[in-house]
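J.: The structure file my_file_24.cif (mmCIF, C-alpha atoms and all ligand atoms) is provided below.
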```cif
data_run
loop_
_atom_site.label_atom_id
_atom_site.label_comp_id
_atom_site.auth_asym_id
_atom_site.auth_seq_id
_atom_site.Cartn_x
_atom_site.Cartn_y
_atom_site.Cartn_z
CA MET Z 1 0.00 0.00 0.00
CA SER Z 2 2.46 2.60 1.24
CA GLY Z 3 4.17 4.59 -1.48
CA LEU Z 4 1.74 3.68 -4.24
CA ILE Z 5 -0.14 6.95 -4.07
CA ALA Z 6 3.09 8.94 -4.28
CA GLN Z 7 4.22 6.84 -7.20
CA ASN Z 8 0.96 7.41 -9.05
CA ILE Z 9 1.18 11.15 -8.51
CA ARG Z 10 4.78 11.25 -9.70
CA LYS Z 11 3.87 9.34 -12.86
CA ILE Z 12 0.97 11.67 -13.68
CA ARG Z 13 3.00 14.80 -12.97
CA ALA Z 14 5.78 13.61 -15.26
CA ASN Z 15 3.30 13.44 -18.14
CA ILE Z 16 1.51 16.77 -17.80
CA PRO Z 17 2.60 20.41 -18.07
CA GLU Z 18 3.69 21.98 -14.80
CA ASP Z 19 1.05 24.71 -14.84
CA ILE Z 20 -1.88 22.27 -14.87
CA ARG Z 21 -3.65 22.30 -11.52
CA LEU Z 22 -3.97 18.69 -10.42
CA VAL Z 23 -6.99 18.35 -8.15
CA ALA Z 24 -6.87 15.07 -6.25
CA VAL Z 25 -10.47 13.87 -5.96
CA THR Z 26 -10.72 12.34 -2.51
CA LYS Z 27 -14.33 11.19 -2.17
CA THR Z 28 -14.25 7.89 -0.19
CA VAL Z 29 -10.49 8.38 0.40
CA SER Z 30 -9.23 8.35 4.00
CA PRO Z 31 -7.44 11.30 5.59
CA ALA Z 32 -4.32 9.09 5.92
CA ALA Z 33 -4.24 8.52 2.17
CA MET Z 34 -4.85 12.24 1.62
CA ARG Z 35 -1.83 12.99 3.77
CA GLU Z 36 0.22 10.67 1.61
CA ALA Z 37 -0.93 12.62 -1.45
CA TYR Z 38 -0.02 15.86 0.29
CA GLU Z 39 3.46 14.55 1.04
CA ALA Z 40 3.77 13.76 -2.67
CA GLY Z 41 3.04 17.37 -3.55
CA ILE Z 42 -0.75 17.58 -3.87
CA ARG Z 43 -2.11 20.94 -2.71
CA ASP Z 44 -5.62 20.73 -4.20
CA PHE Z 45 -8.28 18.36 -2.92
CA GLY Z 46 -11.68 17.84 -4.54
CA GLU Z 47 -14.74 16.56 -2.67
CA ASN Z 48 -18.32 16.13 -3.78
CA ARG Z 49 -20.20 15.61 -0.50
CA LEU Z 50 -20.24 18.09 2.33
CA GLN Z 51 -20.99 15.50 5.05
CA GLU Z 52 -17.91 13.57 4.05
CA ALA Z 53 -15.64 16.52 3.37
CA LEU Z 54 -16.10 18.54 6.57
CA PRO Z 55 -14.79 15.95 9.04
CA LYS Z 56 -11.83 15.23 6.77
CA GLN Z 57 -11.02 18.92 6.53
CA GLN Z 58 -11.07 18.99 10.34
CA GLU Z 59 -8.62 16.12 10.52
CA LEU Z 60 -6.32 17.76 8.00
CA GLN Z 61 -6.51 21.31 9.29
CA ASP Z 62 -2.77 21.34 9.99
CA LEU Z 63 -2.24 21.32 6.20
CA THR Z 64 -2.68 25.05 5.88
CA ASP Z 65 -1.53 25.53 2.28
CA VAL Z 66 -4.20 23.32 0.73
CA SER Z 67 -6.99 24.53 -1.57
CA TRP Z 68 -10.33 22.77 -1.26
CA HIS Z 69 -12.46 22.29 -4.35
CA PHE Z 70 -16.14 21.42 -4.26
CA ILE Z 71 -17.08 19.33 -7.31
CA GLY Z 72 -20.53 17.92 -6.52
CA HIS Z 73 -24.08 19.11 -6.95
CA ILE Z 74 -25.08 21.65 -4.31
CA GLN Z 75 -28.54 21.89 -2.81
CA THR Z 76 -29.41 25.50 -2.13
CA ASN Z 77 -29.66 24.91 1.62
CA LYS Z 78 -26.05 23.65 1.68
CA ALA Z 79 -24.64 26.60 -0.24
CA ARG Z 80 -23.55 28.54 2.83
CA LYS Z 81 -21.45 25.68 4.22
CA VAL Z 82 -19.87 25.11 0.81
CA ILE Z 83 -18.85 28.76 0.52
CA GLU Z 84 -17.51 28.76 4.06
CA HIS Z 85 -15.39 25.65 3.64
CA PHE Z 86 -14.20 25.62 0.02
CA ASP Z 87 -11.89 27.86 -2.02
CA TRP Z 88 -13.22 26.74 -5.37
CA ILE Z 89 -16.66 25.60 -6.49
CA HIS Z 90 -16.50 23.77 -9.82
CA SER Z 91 -20.12 22.69 -9.88
CA VAL Z 92 -22.23 25.81 -10.19
CA ASP Z 93 -24.97 24.35 -12.36
CA SER Z 94 -27.93 26.74 -12.27
CA LEU Z 95 -28.75 30.42 -12.19
CA LYS Z 96 -30.60 29.95 -8.92
CA LEU Z 97 -27.52 28.44 -7.26
CA ALA Z 98 -25.24 31.14 -8.70
CA GLN Z 99 -27.51 33.86 -7.34
CA ARG Z 100 -27.68 32.17 -3.94
CA LEU Z 101 -23.87 31.88 -3.80
CA ASN Z 102 -23.62 35.49 -4.90
CA SER Z 103 -25.77 36.79 -2.07
CA LEU Z 104 -23.97 34.60 0.48
CA ALA Z 105 -20.59 35.80 -0.79
CA LYS Z 106 -21.75 39.38 -0.36
CA GLU Z 107 -22.99 38.68 3.14
CA LEU Z 108 -19.79 36.84 4.12
CA SER Z 109 -17.52 39.35 2.33
CA CYS Z 110 -15.74 36.69 0.34
CA GLN Z 111 -15.08 36.16 -3.36
CA PRO Z 112 -15.36 32.44 -4.08
CA LYS Z 113 -13.83 31.18 -7.31
CA VAL Z 114 -16.39 29.26 -9.32
CA CYS Z 115 -16.76 27.41 -12.59
CA LEU Z 116 -20.01 27.07 -14.48
CA GLN Z 117 -20.81 23.41 -15.11
CA VAL Z 118 -21.85 22.78 -18.69
CA LYS Z 119 -22.81 19.76 -20.72
CA LEU Z 120 -22.16 20.07 -24.41
CA LEU Z 121 -23.72 16.68 -25.05
CA LYS Z 122 -27.16 15.81 -23.73
CA ASP Z 123 -26.82 13.73 -20.57
CA PRO Z 124 -29.90 13.28 -18.37
CA ASN Z 125 -27.72 11.81 -15.59
CA LYS Z 126 -25.66 14.94 -15.13
CA TYR Z 127 -26.27 18.40 -13.80
CA GLY Z 128 -25.14 21.46 -15.70
CA TRP Z 129 -26.25 23.95 -18.31
CA GLU Z 130 -26.95 22.97 -21.86
CA VAL Z 131 -25.25 25.52 -24.08
CA GLN Z 132 -28.27 27.47 -25.21
CA ASN Z 133 -29.61 27.71 -21.67
CA LEU Z 134 -26.27 29.03 -20.48
CA TRP Z 135 -26.33 31.80 -23.09
CA ALA Z 136 -29.84 32.67 -21.93
CA ASP Z 137 -28.70 32.93 -18.29
CA LEU Z 138 -25.41 34.76 -18.88
CA PRO Z 139 -26.87 38.28 -18.72
CA LYS Z 140 -28.01 37.48 -15.16
CA LEU Z 141 -24.88 35.52 -14.25
CA GLU Z 142 -22.87 38.54 -15.29
CA LEU Z 143 -24.56 40.52 -12.54
CA CYS Z 144 -23.33 38.12 -9.84
CA HIS Z 145 -20.38 40.35 -8.97
CA HIS Z 146 -19.53 38.66 -5.68
CA ILE Z 147 -18.63 35.32 -7.19
CA ASN Z 148 -15.59 35.07 -9.38
CA ILE Z 149 -16.61 33.21 -12.52
CA GLN Z 150 -13.27 31.69 -13.47
CA GLY Z 151 -14.35 29.41 -16.29
CA LEU Z 152 -16.21 26.27 -17.24
CA MET Z 153 -16.34 22.76 -15.83
CA THR Z 154 -17.57 19.72 -17.68
CA ILE Z 155 -18.01 15.98 -17.16
CA LEU Z 156 -18.44 13.88 -20.28
CA PRO Z 157 -21.01 11.13 -20.70
CA LEU Z 158 -19.66 7.57 -20.71
CA GLY Z 159 -19.08 5.61 -23.87
CA LEU Z 160 -17.56 8.22 -26.19
CA SER Z 161 -14.76 7.46 -28.63
CA GLN Z 162 -11.41 9.21 -28.10
CA ALA Z 163 -12.21 11.46 -31.06
CA GLU Z 164 -15.56 12.42 -29.56
CA VAL Z 165 -13.95 13.09 -26.19
CA LEU Z 166 -11.36 15.38 -27.75
CA ALA Z 167 -13.96 17.15 -29.88
CA THR Z 168 -16.24 17.76 -26.90
CA PHE Z 169 -13.45 19.10 -24.68
CA THR Z 170 -12.32 21.32 -27.55
CA ALA Z 171 -15.86 22.63 -28.00
CA THR Z 172 -15.95 23.41 -24.27
CA LYS Z 173 -12.81 25.49 -24.60
CA GLN Z 174 -14.31 27.29 -27.61
CA LEU Z 175 -17.46 28.02 -25.64
CA ALA Z 176 -15.37 29.59 -22.87
CA GLN Z 177 -13.61 31.76 -25.43
CA GLU Z 178 -16.89 32.87 -27.00
CA ILE Z 179 -18.26 33.79 -23.58
CA LYS Z 180 -15.09 35.76 -22.86
CA GLN Z 181 -15.50 37.68 -26.12
CA LYS Z 182 -19.02 38.70 -25.23
CA TYR Z 183 -18.53 39.18 -21.47
CA SER Z 184 -14.99 40.47 -21.38
CA HIS Z 185 -14.92 41.26 -17.65
CA LEU Z 186 -15.62 37.64 -16.68
CA PRO Z 187 -12.25 35.91 -16.10
CA MET Z 188 -13.26 32.72 -18.00
CA SER Z 189 -9.69 31.48 -18.25
CA GLU Z 190 -10.05 28.20 -16.36
CA LEU Z 191 -11.25 24.91 -17.80
CA SER Z 192 -11.93 22.18 -15.26
CA MET Z 193 -12.10 19.09 -17.39
CA GLY Z 194 -10.54 15.65 -17.45
CA MET Z 195 -10.87 12.72 -15.05
CA SER Z 196 -8.82 9.52 -14.65
CA GLY Z 197 -9.91 8.10 -18.00
CA ASP Z 198 -9.67 11.16 -20.19
CA TYR Z 199 -7.34 13.74 -18.65
CA LEU Z 200 -4.67 13.59 -21.35
CA LEU Z 201 -7.26 14.41 -24.01
CA ALA Z 202 -8.62 17.17 -21.78
CA ILE Z 203 -5.16 18.71 -21.49
CA GLN Z 204 -4.71 18.43 -25.23
CA ALA Z 205 -7.91 20.44 -25.60
CA GLY Z 206 -6.79 23.13 -23.15
CA ALA Z 207 -7.79 22.01 -19.64
CA THR Z 208 -6.22 24.07 -16.87
CA MET Z 209 -7.51 21.91 -14.00
CA ILE Z 210 -7.89 18.15 -14.03
CA ARG Z 211 -9.83 16.22 -11.41
CA LEU Z 212 -8.27 12.83 -10.74
CA GLY Z 213 -9.47 10.23 -8.27
CA GLN Z 214 -9.01 6.56 -9.09
CA ILE Z 215 -5.79 6.92 -11.05
CA ILE Z 216 -4.21 8.30 -7.88
CA PHE Z 217 -5.96 6.40 -5.10
CA GLY Z 218 -7.05 3.17 -6.79
CA VAL Z 219 -10.46 1.90 -7.83
CA ARG Z 220 -13.39 3.26 -5.80
CA LYS Z 221 -15.74 0.61 -4.50
CA ILE Z 222 -18.70 2.95 -4.21
C1 LIG T 301 -15.40 11.42 -8.87
C2 LIG T 301 -15.20 12.61 -9.69
C3 LIG T 301 -14.01 12.81 -10.41
C4 LIG T 301 -12.87 11.84 -10.41
O1 LIG T 301 -13.18 10.70 -11.12
P1 LIG T 301 -12.09 9.54 -11.29
O2 LIG T 301 -12.66 8.65 -12.33
O3 LIG T 301 -11.95 8.90 -9.97
O4 LIG T 301 -10.82 10.21 -11.74
C5 LIG T 301 -13.89 13.97 -11.14
N1 LIG T 301 -14.88 14.89 -11.19
C6 LIG T 301 -16.03 14.73 -10.52
C7 LIG T 301 -17.07 15.78 -10.62
C8 LIG T 301 -16.23 13.58 -9.76
O5 LIG T 301 -17.38 13.44 -9.09
#
```
Turn the structure described in the file into structure tokens.

T.:
Amino acid sequence: MSGLIAQNIRKIRANIPEDIRLVAVTKTVSPAAMREAYEAGIRDFGENRLQEALPKQQELQDLTDVSWHFIGHIQTNKARKVIEHFDWIHSVDSLKLAQRLNSLAKELSCQPKVCLQVKLLKDPNKYGWEVQNLWADLPKLELCHHINIQGLMTILPLGLSQAEVLATFTATKQLAQEIKQKYSHLPMSELSMGMSGDYLLAIQAGATMIRLGQIIFGVRKI
């Protein structure tokens, strides 16, 4: 067991550009294993469930130079806790949630960094904006001045060919650029895309953040 996590991280790092932010996705992963990842250089942890993440953050509070990324769907009533405990929110998937986060950020005097979750291919199993709905909501999203809209996040449906994966990630990057052209004051420079199975293609298409779980920590049982 011991050393495997560090080895995995070293292997991944050797194959990707240095400026890619490697978010270690630690859902179901123990704090001990997270410490091992930290020792191997990880400074970004991604979690998708608040109930699981908060106790682990407590246990790891001595790691003060870590950024915490929330990557799961957020119910409106959990938004406050997410803002309070995470530096990044990748999974802003509706106007209602964005507006809720915006008013909480104002109240708490913070400026959370967020990505808008989009799905360029129809996928009933995933949250996120379809492209035309995102364009419709952007005039209102633009008014959410207290959240820092850093870019887009996407999760691809299963079962695509490599060519389809690359094409869809590339289209996501193009969408971010088109949004930037129209809404020039939105940062829109980050692309959170790529998981264990497709991160190299995501980087090829311009990902700036990749979210890797199983390729670092081993197969998840749940
Ligand atoms: C679980 C998860 C990941 C990581 O997936 P792996 O296949 O373990 O790399 C990435 N992004 C999100 C949103 C996830 O929920």

J.: In Å, rounded to a single decimal, give me how far atom CA of Z:Gly151 is from atom CA of Z:Gln204.

T.: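 These two atoms are separated by 17.1 Å.
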
J.: Compile a residue-level contact table for chain Z against ligand LIG 301 (chain T) at a cut-off of 7 Å, reporting for every qualifying residue the shortest atom pair and its distance in Å to one decimal, with only C-alpha atoms and all ligand atoms counted, rows ordered by chain and ascending number, as JSON lines.

T.:
```
{"residue": "Z:Val25", "atom": "CA", "partner": "T:LIG301", "partner_atom": "C4", "distance": 5.4}
{"residue": "Z:Lys27", "atom": "CA", "partner": "T:LIG301", "partner_atom": "C1", "distance": 6.8}
{"residue": "Z:Asn48", "atom": "CA", "partner": "T:LIG301", "partner_atom": "O5", "distance": 6.0}
{"residue": "Z:Ile71", "atom": "CA", "partner": "T:LIG301", "partner_atom": "C7", "distance": 4.9}
{"residue": "Z:Gly72", "atom": "CA", "partner": "T:LIG301", "partner_atom": "C7", "distance": 5.8}
{"residue": "Z:Ile155", "atom": "CA", "partner": "T:LIG301", "partner_atom": "C7", "distance": 6.6}
{"residue": "Z:Met195", "atom": "CA", "partner": "T:LIG301", "partner_atom": "O4", "distance": 4.2}
{"residue": "Z:Ser196", "atom": "CA", "partner": "T:LIG301", "partner_atom": "O4", "distance": 3.6}
{"residue": "Z:Gly197", "atom": "CA", "partner": "T:LIG301", "partner_atom": "O2", "distance": 6.3}
{"residue": "Z:Arg211", "atom": "CA", "partner": "T:LIG301", "partner_atom": "C5", "distance": 4.6}
{"residue": "Z:Leu212", "atom": "CA", "partner": "T:LIG301", "partner_atom": "O4", "distance": 3.8}
{"residue": "Z:Gly213", "atom": "CA", "partner": "T:LIG301", "partner_atom": "O3", "distance": 3.3}
{"residue": "Z:Gln214", "atom": "CA", "partner": "T:LIG301", "partner_atom": "O3", "distance": 3.9}
{"residue": "Z:Ile215", "atom": "CA", "partner": "T:LIG301", "partner_atom": "O4", "distance": 6.0}
```

J.: One decimal, Å: what's the distance from atom CA of Z:Asn15 over to atom CA of Z:Lys56, could you say?

T.: 29.2 Å

J.: Which residue, Z:Gln181, Z:Ser161, Z:Gln111, Z:Gln58, has the smallest gap to Z:Ile149 when you use all atoms listed in the file?

T.: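 Of the candidates, the smallest distance to Z:Ile149 is held by Z:Gln111.
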
J.: Hey, what's within 12 Å of stretch 49-52 of chain Z if we count all atoms listed in the file and toss same-chain stuff fewer than 4 positions away? As a PyMOL selection string, please?

T.: chain Z and resi 25-31+56-59+68-75+77-86+91

J.: Could you name the residues that touch Z:Ile42 at 10 Å or less, counting all atoms listed in the file, but leaving out those on the same chain fewer than 6 positions away, as a list in words?

T.: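 Returned residues: Ala6, Ile9, Arg21, Leu22, Val23, Ala24, Met34, Arg35, Glu36, Val66 and Ser67 of chain Z.
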
J.: Which residues, written as JSON, numbers by chain, have at least one atom at most 8 Å from stretch 119-131 of chain Z, with only C-alpha atoms counted and residues fewer than 3 positions away on the same chain left out?

T.: {"Z": [73, 91, 92, 93, 94, 116, 134, 135, 154, 155, 156, 157, 168, 171, 172]}

J.: Would you be able to write out as a PyMOL selection string which residues have an atom within 9 Å of (-15.6, 37.0, -5.1) in the file's coordinates, counting only C-alpha atoms?

T.: chain Z and resi 102+105-106+109-114+145-149

J.: Which residues come within 8 Å of Z:Ile5, counting all atoms listed in the file, excluding same-chain residues fewer than 6 positions away, as an mmCIF file with C-alpha atoms, in the coordinates of the input?

T.:
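Heads up, here's the output in result-v6.cif:
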```cif
data_model
loop_
_atom_site.group_PDB
_atom_site.id
_atom_site.type_symbol
_atom_site.label_atom_id
_atom_site.label_comp_id
_atom_site.auth_asym_id
_atom_site.auth_seq_id
_atom_site.Cartn_x
_atom_site.Cartn_y
_atom_site.Cartn_z
ATOM 1 C CA ALA Z 33 -4.240 8.520 2.170
ATOM 2 C CA GLU Z 36 0.220 10.670 1.610
ATOM 3 C CA ALA Z 37 -0.930 12.620 -1.450
ATOM 4 C CA ALA Z 40 3.770 13.760 -2.670
ATOM 5 C CA ILE Z 216 -4.210 8.300 -7.880
ATOM 6 C CA PHE Z 217 -5.960 6.400 -5.100
#
```

J.: Excluding Z:Gln99 and any residue of its chain fewer than 3 positions from it, enumerate the residues within 8 Å of it, using all atoms listed in the file, and give them as a compact mmCIF listing (two decimals) with C-alpha atoms, in the coordinates of the input.

T.:
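part.txt was written with the following content:
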```txt
# COMPACT_ATOMS: atom_id res chain seq x y z
CA LEU Z 95 -28.75 30.42 -12.19
CA LYS Z 96 -30.60 29.95 -8.92
CA ASN Z 102 -23.62 35.49 -4.90
CA SER Z 103 -25.77 36.79 -2.07
CA LEU Z 141 -24.88 35.52 -14.25
CA CYS Z 144 -23.33 38.12 -9.84
```

J.: Quick one, how far is atom CA of Z:Gln132 from atom CA of Z:Tyr199?

T.: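 We find that atom CA of Z:Gln132 and atom CA of Z:Tyr199 lie 25.9 Å from each other.
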
J.: Pick out the closest residue to Z:Met193 from this set: Z:Gln162, Z:Asn8, Z:Thr208, Z:Gln174. Count only C-alpha atoms.

T.: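 Once distances to Z:Met193 are computed over only C-alpha atoms, the minimum belongs to Z:Thr208.
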
J.: Under the rule that only C-alpha atoms are counted, which of Z:Leu175, Z:Leu60, Z:Ala136, Z:Ala202 is the nearest residue to Z:Ala163?

T.: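 Closest candidate: Z:Ala202.
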
J.: Quick one: stretch 26-42 of chain Z with N, CA, C and O atoms, as an mmCIF file, in the frame of the given file?

T.:
```
data_model
loop_
_atom_site.group_PDB
_atom_site.id
_atom_site.type_symbol
_atom_site.label_atom_id
_atom_site.label_comp_id
_atom_site.auth_asym_id
_atom_site.auth_seq_id
_atom_site.Cartn_x
_atom_site.Cartn_y
_atom_site.Cartn_z
ATOM 1 N N THR Z 26 -10.923 13.196 -3.675
ATOM 2 C CA THR Z 26 -10.720 12.340 -2.510
ATOM 3 C C THR Z 26 -12.018 11.826 -1.892
ATOM 4 O O THR Z 26 -12.029 11.428 -0.738
ATOM 5 N N LYS Z 27 -13.104 11.816 -2.680
ATOM 6 C CA LYS Z 27 -14.330 11.190 -2.170
ATOM 7 C C LYS Z 27 -14.020 9.716 -1.867
ATOM 8 O O LYS Z 27 -13.346 9.063 -2.667
ATOM 9 N N THR Z 28 -14.473 9.255 -0.713
ATOM 10 C CA THR Z 28 -14.250 7.890 -0.190
ATOM 11 C C THR Z 28 -12.793 7.617 0.220
ATOM 12 O O THR Z 28 -12.475 6.525 0.695
ATOM 13 N N VAL Z 29 -11.905 8.586 0.058
ATOM 14 C CA VAL Z 29 -10.490 8.380 0.400
ATOM 15 C C VAL Z 29 -10.244 8.822 1.842
ATOM 16 O O VAL Z 29 -10.760 9.848 2.288
ATOM 17 N N SER Z 30 -9.455 8.053 2.584
ATOM 18 C CA SER Z 30 -9.230 8.350 4.000
ATOM 19 C C SER Z 30 -8.270 9.527 4.172
ATOM 20 O O SER Z 30 -7.438 9.798 3.301
ATOM 21 N N PRO Z 31 -8.382 10.217 5.308
ATOM 22 C CA PRO Z 31 -7.440 11.300 5.590
ATOM 23 C C PRO Z 31 -5.976 10.827 5.546
ATOM 24 O O PRO Z 31 -5.106 11.583 5.115
ATOM 25 N N ALA Z 32 -5.705 9.587 5.952
ATOM 26 C CA ALA Z 32 -4.320 9.090 5.920
ATOM 27 C C ALA Z 32 -3.804 9.046 4.481
ATOM 28 O O ALA Z 32 -2.671 9.454 4.195
ATOM 29 N N ALA Z 33 -4.646 8.567 3.577
ATOM 30 C CA ALA Z 33 -4.240 8.520 2.170
ATOM 31 C C ALA Z 33 -4.109 9.933 1.602
ATOM 32 O O ALA Z 33 -3.239 10.196 0.760
ATOM 33 N N MET Z 34 -4.941 10.843 2.080
ATOM 34 C CA MET Z 34 -4.850 12.240 1.620
ATOM 35 C C MET Z 34 -3.538 12.859 2.077
ATOM 36 O O MET Z 34 -2.893 13.603 1.340
ATOM 37 N N ARG Z 35 -3.119 12.512 3.284
ATOM 38 C CA ARG Z 35 -1.830 12.990 3.770
ATOM 39 C C ARG Z 35 -0.687 12.487 2.899
ATOM 40 O O ARG Z 35 0.273 13.202 2.620
ATOM 41 N N GLU Z 36 -0.816 11.249 2.482
ATOM 42 C CA GLU Z 36 0.220 10.670 1.610
ATOM 43 C C GLU Z 36 0.278 11.461 0.299
ATOM 44 O O GLU Z 36 1.369 11.744 -0.214
ATOM 45 N N ALA Z 37 -0.895 11.823 -0.219
ATOM 46 C CA ALA Z 37 -0.930 12.620 -1.450
ATOM 47 C C ALA Z 37 -0.309 13.998 -1.218
ATOM 48 O O ALA Z 37 0.426 14.518 -2.057
ATOM 49 N N TYR Z 38 -0.593 14.556 -0.057
ATOM 50 C CA TYR Z 38 -0.020 15.860 0.290
ATOM 51 C C TYR Z 38 1.508 15.783 0.326
ATOM 52 O O TYR Z 38 2.205 16.635 -0.240
ATOM 53 N N GLU Z 39 1.998 14.732 0.963
ATOM 54 C CA GLU Z 39 3.460 14.550 1.040
ATOM 55 C C GLU Z 39 4.075 14.439 -0.348
ATOM 56 O O GLU Z 39 5.217 14.816 -0.570
ATOM 57 N N ALA Z 40 3.282 13.918 -1.294
ATOM 58 C CA ALA Z 40 3.770 13.760 -2.670
ATOM 59 C C ALA Z 40 3.527 15.016 -3.504
ATOM 60 O O ALA Z 40 3.713 14.997 -4.720
ATOM 61 N N GLY Z 41 3.101 16.085 -2.850
ATOM 62 C CA GLY Z 41 3.040 17.370 -3.550
ATOM 63 C C GLY Z 41 1.646 17.894 -3.868
ATOM 64 O O GLY Z 41 1.502 19.003 -4.375
ATOM 65 N N ILE Z 42 0.617 17.103 -3.583
ATOM 66 C CA ILE Z 42 -0.750 17.580 -3.870
ATOM 67 C C ILE Z 42 -1.120 18.728 -2.932
ATOM 68 O O ILE Z 42 -0.923 18.639 -1.715
#
```
